Every structure is written in C-alpha cells, then in structure tokens.
Amino acid sequence: MADRLHKVLAQYGLGSRREIERWIVEGRIRVNGELAQEGAQFTPGDRVLIDGKEVTARLRGSAEAPQVIIYHKAQRQPVDSGVERDAEPAGDEPLQKSVMDSLPAKRGIRWLVINTMQSGDSGLLLLTTDGRLANALRRHATTIPAAYVARVLVPDPDFDITGFPLEVRYDEVTITFAGIEPAGGEGANRWFRVEADHSHRRAAVRALFESRGLGVSRVSQVKFAEIELPRDLPRGRHRALGEEQVRKLYALAELDLPQLEQPRERRARPNQHKPNSLRRASPDRPPQRAHSGLAPKSGPGNVSGQAAGKGKSPPRGRATGNRKSGR
C-alpha cells in the first residue's frame with residue numbers, strides 16, 4: 001500500500017516531516033534512481049537514497065519502538081554542532097559539546113527536538129526518534145503549557161511577588177503568563193517560577209521582569225506539558241521517559257502509539273546438523289585422521305606399529321577446532 005514518502009521516512013526516525021519535505025525540494029532524496037518530487041509516494045519495495053546513502057533496509061520491517069528522552073541542556077550549549085552559537089564563550093572557557101553530540105548514537109536514526117531551543121536557552125529539552133511525534137507536538141506548541149524558573153535580583157530581601165503584573169510586550173506581541181510564585185533563594189537573589197499557557201523563548205520571560213526594573217541572571221525551562229525536569233538530572237545528562245509518559249505525549253499529539261510486530265524466535269538447529277569440524281571428539285579415543293587406505297611406508301623417518309606407541313599414550317579429550325588439549 002502506497003503512502004506519502006515524507007511520512008514514511010519520518011515514522012522510521014530518519015528526520016522530521018518538515019525536514020524531509022525540504023530535502024525533497026533540495027533534491028537530496030531519490031526513489032528507484034529518480035529524484036523524489038513533492039508529494040512523492042512510497043510503496044514497499046521501493047529503493048530510497050538520502051544524500052546518496054541507501055536507507056531501503058530501514059524501511060523493510062516494522063519501525064523500532066519510538067523513544068523519547070529528557071535532556072538537561074546547559075546555557076550556551078548548541079543543540080546541533082552545525083548551528084552557530086548565540087555568543088562565543090568568554091575568556092578561555094572551552095566550547096561546549098552540542099546536545100546532539102552528547103546523545104547516544106543510534107544507527108540509522110536521528111534524534112529530533114520536540115520543544116525547540118536556541119543555544120542560549122537552558123533546562124528541559126525533549127527529543128524523540130519518531131518524526132511524526134516531534135512534528136505533531138511542534139504544531140500543538142501553542143496549546144501545550146510550560147513553566148520556567150528565573151533568578152531575579154530583587155531590590156530588597158522582603159520583596160513580595162504578589163500582585164506582580166503578568167503581561168509584557170515582547171517582539172511586538174503582548175504575552176500574558178499564567179502565574180508567578182516564589183521558588184527559593186535568599187537575600188537579593190531570588191528564584192521565581194513562571195507558568196505559561198505555551199512555550200516562549202527565555203527572552204520573553206526575562207522581559208517580564210526587566211520591564212519592571214528587575215535584573216535577571218538566568219532563565220531555565222523546567223516543564224513541558226506534564227513533564228517536569230527531574231531535580232536529580234545534572235546538566236548535560238539525559239534520561240529516557242517511562243512508557244506512561246510516552247503514551248501521554250502521543251495522546252497530546254493526537255497520534256496513535258505505534259504497534260510493533262514481535263520478532264520471530266529462531267529455532268536452534270539440532271546437534272546432528274553441525275559440521276563434523278564442530279563435533280566434540282570422544283574423550284576415550286583420539287580423533288581419527290583421514291587416510292588413503294595404504295599402509296605407511298617403513299623407513300627411518302616412519303615408525304609404525306607398537307614401536308610408535310612405546311612410552312607414549314594417546315592424547316585424551318583432544319578435539320579439533322579451538323578446544324584446548326586435555327593434557
């Protein structure tokens with residue numbers, strides 16, 4: 001049964017639908033030797049190449065079980081090694097490894113970002129191997145709640161956030177946040193948790209406080225939908241989501257969780273089918289050697305009969321192959 005090419009490739013984790021559509025326009029995908037066109041269809045058995053590399057084998061069976069991980073992104077860490085950083089590190093600070101370079105490598109599969117971040121953003125970053133899921137959640141971004149924590153320099157230790165305005169004008173758009181509450185800190189440096197009806201760039205959260213004359217030293221995302229950034233997850237580390245969390249993300253994206261076929265178990269071959277070279281020799285007698293049926297010639301270099309066996313016993317338990325001698 002034929003299906004849209006970009007949909008199939010995304011389902012098998014080769015890229016998001018948008019990326020694959022762009023690759024088709026750029027002439028990077030071939031189907032059966034011909035350049036794929038917009039709206040191209042895929043039929044089982046078609047030969048598919050991306051940038052000259054064949055991916056047909058990946059499309060022959062059931063897709064692997066989709067995976068979703070949560071990554072604790074550090075500030076100024078680039079998401080992709082091919083993307084320029086927002087700002088160069090100060091002084092002798094080394095360049096950070098990108099998020100993609102820090103993730104476990106999966107042959108033939110790409111990790112796709114769900115909640116888009118810039119290199120200057122930090123906190124909870126979700127990634128998946130299912131292009132359908134990543135694309136669907138991006139489309140629903142305006143309806144998915146999020147939360148951030150901001151470290152703010154307050155004018156005095158008794159600063160009260162109650163009644164703080166929740167609206168800010170940012171990038172020619174008025175943004176209204178859902179709520180603000182204290183989240184720790186002492187003295188002039190205080191943490192506040194900012195709830196939002198949907199994800200925003202950290203700059204919008206920063207603008208909320210700076211527009212009222214408060215300095216902000218850090219903003220980090222800590223929630224996406226119902227998923228919270230674990231407190232015990234260090235920066236630069238990742239953790240796989242549980243089955244129930246993954247199921248809820250698919251429901252949020254209005255997608256069915258892929259049902260995968262169970263691999264068939266292979267039956268072990270009976271021992272009698274093993275090659276003679278792999279059979280175990282009897283421990284009571286030496287392995288027999290092939291002979292031509294002619295008696296060995298006598299001579300100074302050939303000792304036969306009982307003379308050959310004087311003072312020596314045959315090796316016991318000796319077998320061909322890599323088995324060690326029983327001596």
# chains A, B, ... in the order shown; residues from 1 in each chain; ligands from 1
>>> select_by_dssp(residues="range 177-247 of chain A", states="strand (DSSP E)", output="number ranges by chain")
A: 179-186, 189-196, 215-224, 227-228, 238-240
>>> residues_around(residues="range 134-149 of chain A", least_positions_apart="2", cutoff="6 Å", atoms="only C-alpha atoms", output="count of residues only")
19
>>> residues_around(residues="range 165-171 of chain A", least_positions_apart="6", cutoff="10 Å", atoms="only C-alpha atoms", output="ChimeraX atom specification")
/A:177-180,194-196,203-212
>>> residues_around(residues="Gly120 in chain A", least_positions_apart="4", cutoff="10 Å", atoms="only C-alpha atoms", output="list in words")
Lys73, Ala74, Gln75, Arg76, Gln77, Pro78, Val79, Arg85, Asp86, Ala87, Arg201, Arg202, Ala203, Val219 and Ser220 of chain A
>>> atom_distance(atom1="CA of Val48 in chain A", atom2="CA of Arg28 in chain A")
10.6 Å
>>> residues_around(residues="Gly15 in chain A", least_positions_apart="3", cutoff="9 Å", atoms="only C-alpha atoms", output="list in words")
His6, Leu9, Ala10, Gln11, Tyr12, Arg18, Glu19, Ile20, Ile109, Arg110, Trp111, Leu112, Thr129, Asp130 and Gly131 of chain A
>>> write_last_selection(atoms="C-alpha atoms", output="PDB file, in the first residue's frame")
ATOM      1  CA  HIS A   6       7.976  12.094   3.857  1.00  0.00           C
ATOM      2  CA  LEU A   9      10.691   8.369   6.380  1.00  0.00           C
ATOM      3  CA  ALA A  10       9.670  10.401   9.435  1.00  0.00           C
ATOM      4  CA  GLN A  11       7.979   7.388  11.009  1.00  0.00           C
ATOM      5  CA  TYR A  12      11.235   5.445  10.775  1.00  0.00           C
ATOM      6  CA  ARG A  18       9.342  19.304   7.573  1.00  0.00           C
ATOM      7  CA  GLU A  19      13.000  18.382   7.203  1.00  0.00           C
ATOM      8  CA  ILE A  20      12.229  15.579   4.769  1.00  0.00           C
ATOM      9  CA  ILE A 109      18.174   7.002  13.467  1.00  0.00           C
ATOM     10  CA  ARG A 110      18.238  10.712  14.287  1.00  0.00           C
ATOM     11  CA  TRP A 111      17.181  12.399  17.496  1.00  0.00           C
ATOM     12  CA  LEU A 112      14.595  15.110  16.796  1.00  0.00           C
ATOM     13  CA  THR A 129      13.263   9.181  17.409  1.00  0.00           C
ATOM     14  CA  ASP A 130       9.724   9.470  15.951  1.00  0.00           C
ATOM     15  CA  GLY A 131       9.450  12.254  13.395  1.00  0.00           C
TER      16      GLY A 131
END
>>> select_by_dssp(residues="range 159-260 of chain A", states="alpha helix (DSSP H)", output="count of residues only")
19
>>> closest_residue(among="A:Ile24, A:Val99, A:Phe164, A:Leu257", to="Glu38 in chain A", atoms="only C-alpha atoms")
A:Ile24
